[in-house]
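Raw run10.csv, CSV, C-alpha atoms and all ligand atoms:
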```
chain,number,residue,atom,x,y,z
A,6,MET,CA,-17.9,-23.8,4.8
A,7,ASP,CA,-17.9,-25.0,8.4
A,8,ASP,CA,-16.7,-22.8,11.2
A,9,ASP,CA,-13.9,-25.1,12.3
A,10,GLY,CA,-10.8,-23.1,12.6
A,11,LEU,CA,-12.4,-19.7,13.0
A,12,VAL,CA,-9.7,-17.6,14.5
A,13,TYR,CA,-11.5,-14.2,14.5
A,14,GLU,CA,-14.8,-12.8,13.5
A,15,GLY,CA,-14.5,-9.1,12.9
A,16,LYS,CA,-17.1,-6.6,11.8
A,17,ALA,CA,-16.8,-7.4,8.1
A,18,LYS,CA,-14.4,-10.3,7.7
A,19,SER,CA,-14.0,-13.7,9.2
A,20,VAL,CA,-10.5,-15.2,9.6
A,21,PHE,CA,-10.0,-19.0,9.6
A,22,ARG,CA,-7.1,-21.3,10.0
A,23,THR,CA,-6.2,-23.4,7.0
A,24,ASN,CA,-4.4,-26.8,7.0
A,25,VAL,CA,-1.3,-25.0,5.8
A,26,ALA,CA,0.9,-23.6,8.6
A,27,GLY,CA,1.3,-19.9,8.3
A,28,GLU,CA,-1.6,-19.4,5.9
A,29,LEU,CA,-5.0,-18.0,6.8
A,30,ARG,CA,-8.3,-17.8,5.0
A,31,VAL,CA,-10.0,-14.4,5.1
A,32,VAL,CA,-13.7,-14.4,4.1
A,33,PHE,CA,-15.1,-11.0,3.2
A,34,ARG,CA,-18.7,-11.0,4.5
A,35,ASP,CA,-21.6,-9.0,3.2
A,36,ASP,CA,-21.9,-7.2,6.5
A,37,ILE,CA,-21.4,-3.4,6.6
A,38,THR,CA,-21.1,-1.4,9.8
A,39,ALA,CA,-20.5,2.3,10.7
A,40,PHE,CA,-20.1,4.3,13.9
A,41,ASN,CA,-18.3,1.5,15.7
A,42,GLY,CA,-21.0,-1.1,14.8
A,43,VAL,CA,-23.9,1.1,15.9
A,44,LYS,CA,-25.3,1.1,12.3
A,45,LYS,CA,-25.3,-2.4,10.7
A,46,ASP,CA,-26.6,-4.0,7.6
A,47,THR,CA,-26.0,-6.9,5.2
A,48,LEU,CA,-25.7,-6.0,1.5
A,49,ALA,CA,-25.6,-9.0,-0.8
A,50,GLY,CA,-22.5,-8.8,-3.0
A,51,LYS,CA,-20.6,-6.3,-0.9
A,52,GLY,CA,-18.1,-8.9,0.4
A,53,GLU,CA,-17.2,-10.0,-3.1
A,54,TYR,CA,-16.7,-6.4,-4.3
A,55,ASN,CA,-14.4,-5.6,-1.4
A,56,ALA,CA,-12.5,-8.9,-1.8
A,57,ARG,CA,-11.9,-8.2,-5.5
A,58,VAL,CA,-10.7,-4.7,-5.0
A,59,SER,CA,-8.5,-5.7,-2.1
A,60,ALA,CA,-6.9,-8.5,-4.1
A,61,PHE,CA,-6.3,-6.2,-7.1
A,62,PHE,CA,-4.6,-3.6,-5.0
A,63,PHE,CA,-2.5,-6.2,-3.1
A,64,GLU,CA,-1.2,-7.5,-6.4
A,65,TYR,CA,-0.6,-4.0,-7.7
A,66,LEU,CA,1.3,-3.0,-4.6
A,67,GLU,CA,3.4,-6.2,-4.6
A,68,LYS,CA,4.4,-5.5,-8.2
A,69,ASN,CA,5.5,-2.1,-7.1
A,70,GLY,CA,7.7,-3.4,-4.3
A,71,ILE,CA,5.4,-3.4,-1.2
A,72,PRO,CA,5.4,-6.7,0.7
A,73,THR,CA,1.8,-7.8,1.4
A,74,HIS,CA,0.1,-10.7,3.0
A,75,PHE,CA,-1.8,-11.7,-0.2
A,76,ILE,CA,-1.2,-15.2,-1.5
A,77,ARG,CA,-4.3,-15.9,-3.8
A,78,MET,CA,-8.0,-15.8,-4.0
A,79,GLU,CA,-9.8,-19.1,-3.2
A,80,ASP,CA,-13.2,-17.9,-4.4
A,81,GLU,CA,-14.8,-14.6,-5.1
A,82,ARG,CA,-15.0,-13.6,-1.5
A,83,THR,CA,-12.2,-15.7,0.1
A,84,MET,CA,-8.6,-14.7,0.2
A,85,ILE,CA,-5.7,-16.9,1.3
A,86,VAL,CA,-3.1,-14.7,3.1
A,87,ARG,CA,0.1,-15.1,5.0
A,88,GLU,CA,-0.5,-15.1,8.7
A,89,LEU,CA,1.0,-11.9,10.3
A,90,THR,CA,1.6,-10.9,13.8
A,91,MET,CA,-0.5,-7.8,13.5
A,92,ILE,CA,0.8,-4.4,14.7
A,93,PRO,CA,-2.2,-2.9,16.6
A,94,LEU,CA,-2.3,0.4,14.6
A,95,GLU,CA,-4.6,1.9,12.1
A,96,VAL,CA,-2.4,3.9,9.8
A,97,ILE,CA,-4.4,6.6,8.0
A,98,ALA,CA,-3.1,8.6,5.1
A,99,ARG,CA,-4.9,11.8,4.1
A,100,ASN,CA,-4.7,13.8,0.9
A,101,VAL,CA,-7.9,15.7,1.3
A,102,ALA,CA,-9.6,16.7,4.6
A,103,ALA,CA,-12.8,14.7,5.3
A,104,GLY,CA,-14.3,12.8,8.2
A,105,SER,CA,-12.8,12.9,11.7
A,106,ILE,CA,-10.0,15.3,10.9
A,107,VAL,CA,-12.5,18.0,10.0
A,108,LYS,CA,-14.3,17.5,13.3
A,109,LYS,CA,-11.1,17.6,15.3
A,110,PHE,CA,-9.0,20.3,13.6
A,111,PRO,CA,-9.7,23.5,11.7
A,112,PHE,CA,-9.6,22.0,8.2
A,113,THR,CA,-12.5,22.5,5.8
A,114,GLU,CA,-14.1,19.5,4.2
A,115,GLY,CA,-12.4,19.0,0.8
A,116,GLN,CA,-9.3,21.1,1.6
A,117,ARG,CA,-6.2,19.6,-0.1
A,118,ILE,CA,-3.5,18.4,2.4
A,119,GLU,CA,-0.2,18.8,0.6
A,120,PRO,CA,2.1,17.1,1.5
A,121,PRO,CA,-0.2,14.3,2.7
A,122,VAL,CA,-0.4,13.5,6.4
A,123,ILE,CA,-0.2,10.2,8.1
A,124,VAL,CA,-2.1,9.8,11.4
A,125,THR,CA,-2.3,6.7,13.6
A,126,ASP,CA,-4.9,5.2,15.9
A,127,TYR,CA,-4.2,2.5,18.4
A,128,LYS,CA,-6.5,-0.4,17.3
A,129,SER,CA,-8.1,-1.5,20.5
A,130,ASP,CA,-11.9,-1.8,21.0
A,131,GLU,CA,-11.3,-1.8,24.7
A,132,HIS,CA,-9.6,1.6,24.6
A,133,GLY,CA,-11.9,3.0,21.9
A,134,ASP,CA,-9.2,3.3,19.2
A,135,PRO,CA,-7.5,6.4,20.5
A,136,SER,CA,-5.1,8.4,18.4
A,137,ILE,CA,-1.5,7.6,19.2
A,138,ASN,CA,1.8,9.4,18.4
A,139,ASP,CA,5.2,8.1,17.4
A,140,ASP,CA,6.7,8.3,20.9
A,141,LEU,CA,3.8,6.2,22.3
A,142,ILE,CA,4.2,3.6,19.5
A,143,VAL,CA,7.8,3.1,20.4
A,144,ALA,CA,7.3,3.3,24.2
A,145,LEU,CA,4.6,0.6,23.9
A,146,GLY,CA,7.0,-1.6,21.8
A,147,PHE,CA,4.6,-1.7,18.8
A,148,LEU,CA,7.5,-0.6,16.5
A,149,SER,CA,11.1,0.4,16.9
A,150,ALA,CA,12.2,3.8,15.6
A,151,ASP,CA,13.4,2.1,12.4
A,152,GLY,CA,10.2,0.1,12.1
A,153,LEU,CA,8.2,3.3,12.5
A,154,GLN,CA,10.2,5.0,9.7
A,155,GLU,CA,9.7,1.9,7.5
A,156,VAL,CA,5.9,2.0,8.0
A,157,ARG,CA,5.8,5.7,7.3
A,158,GLU,CA,7.8,5.3,4.1
A,159,MET,CA,5.7,2.3,3.0
A,160,THR,CA,2.5,4.2,3.7
A,161,LEU,CA,3.6,7.2,1.7
A,162,LYS,CA,4.6,5.0,-1.2
A,163,ILE,CA,1.2,3.1,-1.1
A,164,ASN,CA,-0.5,6.5,-1.0
A,165,THR,CA,1.3,7.7,-4.1
A,166,LEU,CA,0.6,4.4,-6.0
A,167,LEU,CA,-3.1,4.4,-5.1
A,168,LYS,CA,-3.5,8.1,-5.7
A,169,ASP,CA,-2.0,7.9,-9.2
A,170,PHE,CA,-4.0,4.8,-10.0
A,171,PHE,CA,-7.3,6.5,-9.1
A,172,ALA,CA,-6.4,9.8,-10.7
A,173,LYS,CA,-6.1,8.0,-14.0
A,174,ALA,CA,-9.8,6.9,-13.5
A,175,GLY,CA,-10.9,10.4,-12.6
A,176,ILE,CA,-11.1,9.7,-8.9
A,177,ASP,CA,-9.6,11.5,-5.9
A,178,LEU,CA,-8.1,9.3,-3.2
A,179,VAL,CA,-9.2,11.4,-0.2
A,180,ASP,CA,-7.9,9.1,2.6
A,181,PHE,CA,-7.4,5.5,3.5
A,182,LYS,CA,-6.7,3.2,6.5
A,183,ILE,CA,-4.2,0.3,6.4
A,184,GLU,CA,-2.8,-2.2,8.8
A,185,PHE,CA,0.6,-3.8,9.0
A,186,GLY,CA,1.9,-7.0,10.6
A,187,ARG,CA,5.1,-8.9,10.8
A,188,SER,CA,6.1,-12.1,9.0
A,189,GLY,CA,9.4,-13.0,10.6
A,190,ASP,CA,11.4,-9.8,10.3
A,191,THR,CA,9.5,-8.4,7.4
A,192,ILE,CA,6.8,-5.7,7.9
A,193,CYS,CA,4.0,-6.5,5.5
A,194,LEU,CA,0.8,-4.8,4.5
A,195,GLY,CA,-2.2,-6.8,5.9
A,196,ASP,CA,-5.9,-6.6,6.3
A,197,GLU,CA,-7.7,-5.0,3.3
A,198,ILE,CA,-7.8,-2.1,0.8
A,199,SER,CA,-11.4,-1.6,-0.1
A,200,MET,CA,-14.2,0.8,-0.3
A,201,ASP,CA,-14.7,0.2,3.4
A,202,SER,CA,-11.3,1.6,4.2
A,203,MET,CA,-10.8,4.4,1.6
A,204,ARG,CA,-12.6,7.6,0.8
A,205,LEU,CA,-12.9,8.0,-3.0
A,206,TRP,CA,-14.5,11.1,-4.7
A,207,ASP,CA,-15.5,11.3,-8.3
A,208,GLN,CA,-13.5,14.3,-9.6
A,209,LYS,CA,-16.3,15.4,-11.9
A,210,THR,CA,-19.4,14.9,-9.7
A,211,GLY,CA,-18.0,14.9,-6.2
A,212,GLU,CA,-19.9,11.7,-5.6
A,213,SER,CA,-18.5,9.4,-2.9
A,214,LEU,CA,-17.6,5.8,-4.1
A,215,ASP,CA,-17.0,4.4,-0.6
A,216,LYS,CA,-18.5,3.7,2.8
A,217,ASP,CA,-19.5,7.3,3.3
A,218,VAL,CA,-22.5,6.5,1.1
A,219,TYR,CA,-23.5,4.1,3.9
A,220,ARG,CA,-22.4,6.2,6.8
A,221,GLN,CA,-24.3,9.3,5.6
A,222,GLY,CA,-27.2,7.3,4.0
A,223,LYS,CA,-26.7,9.2,0.8
A,224,GLY,CA,-27.7,6.6,-1.9
A,225,ASP,CA,-27.1,3.2,-3.2
A,226,VAL,CA,-24.1,1.8,-1.5
A,227,LEU,CA,-23.7,-1.2,-3.7
A,228,SER,CA,-23.8,0.7,-7.0
A,229,ALA,CA,-21.2,3.1,-5.6
A,230,TYR,CA,-18.9,0.1,-4.7
A,231,ARG,CA,-19.7,-1.4,-8.1
A,232,LYS,CA,-18.2,1.6,-9.8
A,233,VAL,CA,-14.9,1.0,-8.2
A,234,VAL,CA,-15.1,-2.7,-9.2
A,235,ASP,CA,-15.7,-1.7,-12.8
A,236,ILE,CA,-12.6,0.5,-12.8
A,237,ILE,CA,-10.6,-2.5,-11.6
A,238,LEU,CA,-12.1,-4.7,-14.2
A,239,GLN,CA,-11.3,-2.2,-17.0
A,240,THR,CA,-7.7,-2.2,-15.8
A,241,ASN,CA,-7.2,-6.0,-15.8
B,301,LIG,P1,-12.0,-3.0,11.8
B,301,LIG,O1,-13.3,-3.2,11.2
B,301,LIG,O2,-12.0,-1.8,12.7
B,301,LIG,O3,-10.8,-3.1,10.9
B,301,LIG,P2,-12.3,-5.7,12.9
B,301,LIG,O4,-11.3,-6.3,13.8
B,301,LIG,O5,-13.7,-5.8,13.2
B,301,LIG,O6,-11.9,-4.2,12.9
B,301,LIG,P3,-12.3,-7.2,10.4
B,301,LIG,O7,-11.8,-6.6,9.1
B,301,LIG,O8,-13.7,-7.6,10.3
B,301,LIG,O9,-11.9,-6.1,11.4
B,301,LIG,O10,-11.4,-8.5,10.8
B,301,LIG,C1,-10.3,-8.9,10.3
B,301,LIG,C2,-9.2,-9.0,11.4
B,301,LIG,O11,-8.1,-9.8,10.9
B,301,LIG,C3,-8.6,-7.7,11.9
B,301,LIG,O12,-8.5,-7.8,13.3
B,301,LIG,C4,-7.2,-7.6,11.2
B,301,LIG,O13,-6.3,-6.9,12.0
B,301,LIG,C5,-6.9,-9.1,11.1
B,301,LIG,N1,-5.9,-9.5,10.1
B,301,LIG,C6,-5.9,-8.9,8.8
B,301,LIG,N2,-4.9,-9.5,8.1
B,301,LIG,C7,-4.3,-10.4,8.9
B,301,LIG,C8,-3.2,-11.3,8.7
B,301,LIG,N3,-2.6,-11.4,7.5
B,301,LIG,N4,-2.8,-12.1,9.8
B,301,LIG,C9,-3.5,-12.0,10.9
B,301,LIG,N5,-4.6,-11.2,11.2
B,301,LIG,C10,-5.0,-10.4,10.2
B,302,LIG,P1,-11.6,8.9,9.7
B,302,LIG,O1,-11.9,10.2,9.1
B,302,LIG,O2,-10.5,8.9,10.7
B,302,LIG,O3,-12.8,8.2,10.5
B,302,LIG,P2,-14.3,8.2,10.1
B,302,LIG,O4,-14.4,7.3,8.9
B,302,LIG,O5,-14.9,7.7,11.3
B,302,LIG,O6,-14.7,9.6,9.8
B,302,LIG,O7,-11.2,7.8,8.6
B,302,LIG,C1,-10.2,8.0,7.7
B,302,LIG,C2,-10.2,6.9,6.7
B,302,LIG,O8,-9.8,5.7,7.3
B,302,LIG,C3,-11.5,6.6,6.0
B,302,LIG,O9,-11.3,6.3,4.6
B,302,LIG,C4,-12.1,5.4,6.7
B,302,LIG,C5,-10.8,4.7,7.2
B,302,LIG,N1,-11.0,4.1,8.5
B,302,LIG,C6,-11.2,2.7,8.5
B,302,LIG,O10,-11.3,2.0,7.5
B,302,LIG,N2,-11.4,2.1,9.8
B,302,LIG,C7,-11.3,2.8,10.9
B,302,LIG,O11,-11.4,2.2,12.0
B,302,LIG,C8,-11.0,4.2,10.8
B,302,LIG,C9,-10.9,5.1,12.1
B,302,LIG,C10,-10.9,4.8,9.6
```

As structure tokens, what does this structure read like?
Ligand code: ATP
Ligand code: TYD
Amino acid sequence: MDDDGLVYEGKAKSVFRTNVAGELRVVFRDDITAFNGVKKDTLAGKGEYNARVSAFFFEYLEKNGIPTHFIRMEDERTMIVRELTMIPLEVIARNVAAGSIVKKFPFTEGQRIEPPVIVTDYKSDEHGDPSINDDLIVALGFLSADGLQEVREMTLKINTLLKDFFAKAGIDLVDFKIEFGRSGDTICLGDEISMDSMRLWDQKTGESLDKDVYRQGKGDVLSAYRKVVDIILQTN
């Protein structure tokens, strides 16, 4: 593919214009990064795995009433999506304490968080992705009070749908990060839902099936990702 129409090259995906107004092409690359890009590698097949899992969950969530940007897959690693005006927030839902929340607050790793909590970061490399609260989100004009409520309700619903899906496969959905954007007046789920953006723990073995395998250098990243792909394939 030529690079004409490249709109944005992120850490793991490249976004291109298409010849259809309002549609973008998102290519899931094989790059994997952690610690804000300090650790970087390329793992052949990783892009395809994340694209497949993302596409599966976008369709699953759409069927369950969540508007998403997903239109169709163009090939194994390329997704055609509706162009959104992205809301610069990383919305994180947590069911079990892991990662940054354990470093910042007196949770113990693995502690259940019931009811689940939602935390938000301002997505800005320039500002170092700081955490942000509801008042700041409204004051900065990212969302109205009603929009904020809508994002919160959608996130809790997505959490329930994903958690129930994984529980049936013997996996705990520990946490995940999602991004939203606007298509006209509609707030839609954008970006991705993949092993890069979720924490998944095997209920029997405690094994991680997500990017923590890479972050912590604790095994074969691709085979962990592959296990999630296999669960999706068994469901289809
Ligand atoms: P991070 O890895 O922290 O998510 P990044 O910007 O490096 O950041 P990538 O996933 O590599 O992330 O790049 C994809 C970019 O495309 C992100 O900036 C994301 O917000 C944006 N994006 C995702 N879906 C859409 C969409 N439907 N319309 C417009 N932009 C989108
Ligand atoms: P978090 O514990 O806040 O950060 P870290 O992964 O640095 O410990 O992450 C919570 C979840 O959100 C986890 O599943 C990873 C995901 N996430 C992203 O996908 N991108 C991000 O930029 C952040 C901060 C988290």

Using all atoms listed in the file, what table do you get, as a tab-separated table, when you list each residue of chain A with an atom no more than 6 Å from ligand LIG 301 (chain B), its nearest pair of atoms, and their distance in Å rounded to one decimal, rows by chain then rising number?
```
residue	atom	partner	partner_atom	distance
A:Gly15	CA	B:LIG301	O8	3.1
A:Lys16	CA	B:LIG301	O5	3.8
A:Ala17	CA	B:LIG301	O8	3.8
A:Lys18	CA	B:LIG301	O8	3.8
A:His74	CA	B:LIG301	N3	5.3
A:Val86	CA	B:LIG301	N3	5.5
A:Arg87	CA	B:LIG301	N3	5.2
A:Glu88	CA	B:LIG301	N4	3.9
A:Leu89	CA	B:LIG301	N4	3.8
A:Thr90	CA	B:LIG301	C9	6.0
A:Met91	CA	B:LIG301	C9	5.8
A:Gly195	CA	B:LIG301	N2	4.4
A:Asp196	CA	B:LIG301	C6	3.4
```

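Using all atoms listed in the file, the nearest neighbour of ligand LIG 302 (chain B) within the list A:Thr83, A:Asn69, A:Thr210, A:Ser129 is A:Ser129.
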
Please return as a ChimeraX atom specification the residues found within 9 Å of ligand LIG 302 (chain B), counting all atoms listed in the file.
/A:39-41,95-99,102-108,124-126,128,134,178-183,197-205,215-217,220

Of A:Glu155, A:Asp225, A:Asp235, A:Glu131, the one sitting nearest Ile71 in chain A when using all atoms listed in the file is A:Glu155

Atomic separation - CA of Leu153 in chain A relative to CA of Asp139 in chain A, Å:
7.5 Å

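For the set A:Pro121, A:Gly27, A:Gly42, A:Gly50, the residue with the smallest atom-to-atom gap to Val234 in chain A is A:Gly50, counting all atoms listed in the file.
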
So which one's closest to Glu158 in chain A, A:Asp9, A:Val43, A:Ser19, A:Val122? Using all atoms listed in the file, please.
A:Val122

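Across the structure, CA of Ile163 in chain A and CA of Asn55 in chain A are spaced 17.9 Å apart.
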
What's around Phe75 in chain A at 9 Å? Count only C-alpha atoms, leave out sequence neighbours fewer than 5 positions away in its own chain, and write the answer as a PDB file with C-alpha atoms, keeping the file's coordinate frame.
```pdb
ATOM      1  CA  ALA A  60      -6.900  -8.500  -4.100  1.00  0.00           C
ATOM      2  CA  PHE A  63      -2.500  -6.200  -3.100  1.00  0.00           C
ATOM      3  CA  GLU A  64      -1.200  -7.500  -6.400  1.00  0.00           C
ATOM      4  CA  GLU A  67       3.400  -6.200  -4.600  1.00  0.00           C
ATOM      5  CA  MET A  84      -8.600 -14.700   0.200  1.00  0.00           C
ATOM      6  CA  ILE A  85      -5.700 -16.900   1.300  1.00  0.00           C
ATOM      7  CA  VAL A  86      -3.100 -14.700   3.100  1.00  0.00           C
ATOM      8  CA  ARG A  87       0.100 -15.100   5.000  1.00  0.00           C
ATOM      9  CA  LEU A 194       0.800  -4.800   4.500  1.00  0.00           C
ATOM     10  CA  GLY A 195      -2.200  -6.800   5.900  1.00  0.00           C
TER      11      GLY A 195
END
```

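One distance worth recording is that between CA of Trp206 in chain A and CA of Ile176 in chain A, which is 5.6 Å.
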
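Using all atoms listed in the file for every distance, the candidate list A:Asp190, A:Ser136, A:Arg57, A:Leu145 yields A:Ser136 as the residue closest to Lys109 in chain A.
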
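Look at Asp36 in chain A: the protein and nucleic acid residues within 7 Å of it, using all atoms listed in the file and passing over chain neighbours fewer than 4 places away, are A:Ala17, A:Asp46, A:Thr47, A:Leu48.
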
Val143 in chain A environment, 12 Å, all atoms listed in the file, sequence neighbours closer than 4 positions dropped, as a VMD selection string
chain A and resid 92 94 137 to 139 147 to 154

Export range 117-197 of chain A of the preceding structure, keeping C-alpha atoms, as a PDB file, in the first residue's frame.
```pdb
ATOM      1  CA  ARG A 117     -11.483  -7.201  43.116  1.00  0.00           C
ATOM      2  CA  ILE A 118     -12.966  -3.766  42.560  1.00  0.00           C
ATOM      3  CA  GLU A 119     -16.703  -4.098  42.964  1.00  0.00           C
ATOM      4  CA  PRO A 120     -18.524  -2.110  41.676  1.00  0.00           C
ATOM      5  CA  PRO A 121     -16.048  -1.458  38.865  1.00  0.00           C
ATOM      6  CA  VAL A 122     -14.395   1.958  38.642  1.00  0.00           C
ATOM      7  CA  ILE A 123     -13.881   4.175  35.647  1.00  0.00           C
ATOM      8  CA  VAL A 124     -10.882   6.490  35.529  1.00  0.00           C
ATOM      9  CA  THR A 125      -9.898   8.864  32.754  1.00  0.00           C
ATOM     10  CA  ASP A 126      -6.631  10.205  31.405  1.00  0.00           C
ATOM     11  CA  TYR A 127      -6.266  13.219  29.146  1.00  0.00           C
ATOM     12  CA  LYS A 128      -4.786  11.792  25.929  1.00  0.00           C
ATOM     13  CA  SER A 129      -1.983  14.225  25.205  1.00  0.00           C
ATOM     14  CA  ASP A 130       1.635  13.223  24.612  1.00  0.00           C
ATOM     15  CA  GLU A 131       2.604  16.850  25.179  1.00  0.00           C
ATOM     16  CA  HIS A 132       1.111  16.838  28.683  1.00  0.00           C
ATOM     17  CA  GLY A 133       2.135  13.272  29.515  1.00  0.00           C
ATOM     18  CA  ASP A 134      -1.409  11.779  29.557  1.00  0.00           C
ATOM     19  CA  PRO A 135      -2.311  13.090  33.047  1.00  0.00           C
ATOM     20  CA  SER A 136      -5.339  11.779  34.894  1.00  0.00           C
ATOM     21  CA  ILE A 137      -8.338  14.081  34.562  1.00  0.00           C
ATOM     22  CA  ASN A 138     -11.595  14.371  36.502  1.00  0.00           C
ATOM     23  CA  ASP A 139     -15.176  15.068  35.421  1.00  0.00           C
ATOM     24  CA  ASP A 140     -15.096  18.792  36.266  1.00  0.00           C
ATOM     25  CA  LEU A 141     -11.970  19.285  34.167  1.00  0.00           C
ATOM     26  CA  ILE A 142     -13.476  17.327  31.265  1.00  0.00           C
ATOM     27  CA  VAL A 143     -16.491  19.658  31.240  1.00  0.00           C
ATOM     28  CA  ALA A 144     -14.413  22.820  31.892  1.00  0.00           C
ATOM     29  CA  LEU A 145     -12.162  21.973  28.936  1.00  0.00           C
ATOM     30  CA  GLY A 146     -15.225  21.404  26.716  1.00  0.00           C
ATOM     31  CA  PHE A 147     -14.321  17.791  25.907  1.00  0.00           C
ATOM     32  CA  LEU A 148     -17.817  16.627  26.932  1.00  0.00           C
ATOM     33  CA  SER A 149     -20.975  18.215  28.339  1.00  0.00           C
ATOM     34  CA  ALA A 150     -22.353  16.917  31.634  1.00  0.00           C
ATOM     35  CA  ASP A 151     -24.846  14.833  29.618  1.00  0.00           C
ATOM     36  CA  GLY A 152     -22.117  13.575  27.275  1.00  0.00           C
ATOM     37  CA  LEU A 153     -20.038  12.583  30.263  1.00  0.00           C
ATOM     38  CA  GLN A 154     -22.942  10.609  31.686  1.00  0.00           C
ATOM     39  CA  GLU A 155     -23.454   8.917  28.314  1.00  0.00           C
ATOM     40  CA  VAL A 156     -19.768   7.931  28.087  1.00  0.00           C
ATOM     41  CA  ARG A 157     -19.898   6.586  31.613  1.00  0.00           C
ATOM     42  CA  GLU A 158     -23.010   4.504  30.942  1.00  0.00           C
ATOM     43  CA  MET A 159     -21.587   3.184  27.662  1.00  0.00           C
ATOM     44  CA  THR A 160     -18.315   2.263  29.359  1.00  0.00           C
ATOM     45  CA  LEU A 161     -20.099   0.355  32.138  1.00  0.00           C
ATOM     46  CA  LYS A 162     -22.225  -1.470  29.571  1.00  0.00           C
ATOM     47  CA  ILE A 163     -19.150  -2.331  27.467  1.00  0.00           C
ATOM     48  CA  ASN A 164     -17.461  -3.561  30.637  1.00  0.00           C
ATOM     49  CA  THR A 165     -20.368  -5.859  31.478  1.00  0.00           C
ATOM     50  CA  LEU A 166     -20.557  -7.223  27.923  1.00  0.00           C
ATOM     51  CA  LEU A 167     -16.813  -7.890  27.686  1.00  0.00           C
ATOM     52  CA  LYS A 168     -16.532  -9.257  31.235  1.00  0.00           C
ATOM     53  CA  ASP A 169     -19.384 -11.725  30.647  1.00  0.00           C
ATOM     54  CA  PHE A 170     -17.930 -12.774  27.298  1.00  0.00           C
ATOM     55  CA  PHE A 171     -14.500 -13.511  28.792  1.00  0.00           C
ATOM     56  CA  ALA A 172     -15.896 -15.149  31.927  1.00  0.00           C
ATOM     57  CA  LYS A 173     -17.527 -17.807  29.700  1.00  0.00           C
ATOM     58  CA  ALA A 174     -14.045 -18.572  28.335  1.00  0.00           C
ATOM     59  CA  GLY A 175     -12.518 -18.810  31.833  1.00  0.00           C
ATOM     60  CA  ILE A 176     -10.825 -15.418  31.616  1.00  0.00           C
ATOM     61  CA  ASP A 177     -11.012 -12.455  33.964  1.00  0.00           C
ATOM     62  CA  LEU A 178     -11.297  -9.046  32.350  1.00  0.00           C
ATOM     63  CA  VAL A 179      -9.060  -7.084  34.725  1.00  0.00           C
ATOM     64  CA  ASP A 180      -9.195  -3.686  33.012  1.00  0.00           C
ATOM     65  CA  PHE A 181      -9.283  -2.018  29.602  1.00  0.00           C
ATOM     66  CA  LYS A 182      -8.872   1.346  27.900  1.00  0.00           C
ATOM     67  CA  ILE A 183     -11.253   2.704  25.283  1.00  0.00           C
ATOM     68  CA  GLU A 184     -11.569   5.906  23.291  1.00  0.00           C
ATOM     69  CA  PHE A 185     -14.665   7.673  22.060  1.00  0.00           C
ATOM     70  CA  GLY A 186     -15.347  10.161  19.295  1.00  0.00           C
ATOM     71  CA  ARG A 187     -18.220  11.989  17.675  1.00  0.00           C
ATOM     72  CA  SER A 188     -19.918  11.252  14.400  1.00  0.00           C
ATOM     73  CA  GLY A 189     -22.325  14.187  14.098  1.00  0.00           C
ATOM     74  CA  ASP A 190     -24.214  14.199  17.392  1.00  0.00           C
ATOM     75  CA  THR A 191     -23.566  10.542  18.132  1.00  0.00           C
ATOM     76  CA  ILE A 192     -20.862   9.483  20.568  1.00  0.00           C
ATOM     77  CA  CYS A 193     -19.266   6.327  19.162  1.00  0.00           C
ATOM     78  CA  LEU A 194     -16.693   3.902  20.419  1.00  0.00           C
ATOM     79  CA  GLY A 195     -13.512   4.272  18.334  1.00  0.00           C
ATOM     80  CA  ASP A 196      -9.902   3.118  18.272  1.00  0.00           C
ATOM     81  CA  GLU A 197      -9.475  -0.565  19.258  1.00  0.00           C
TER      82      GLU A 197
END
```
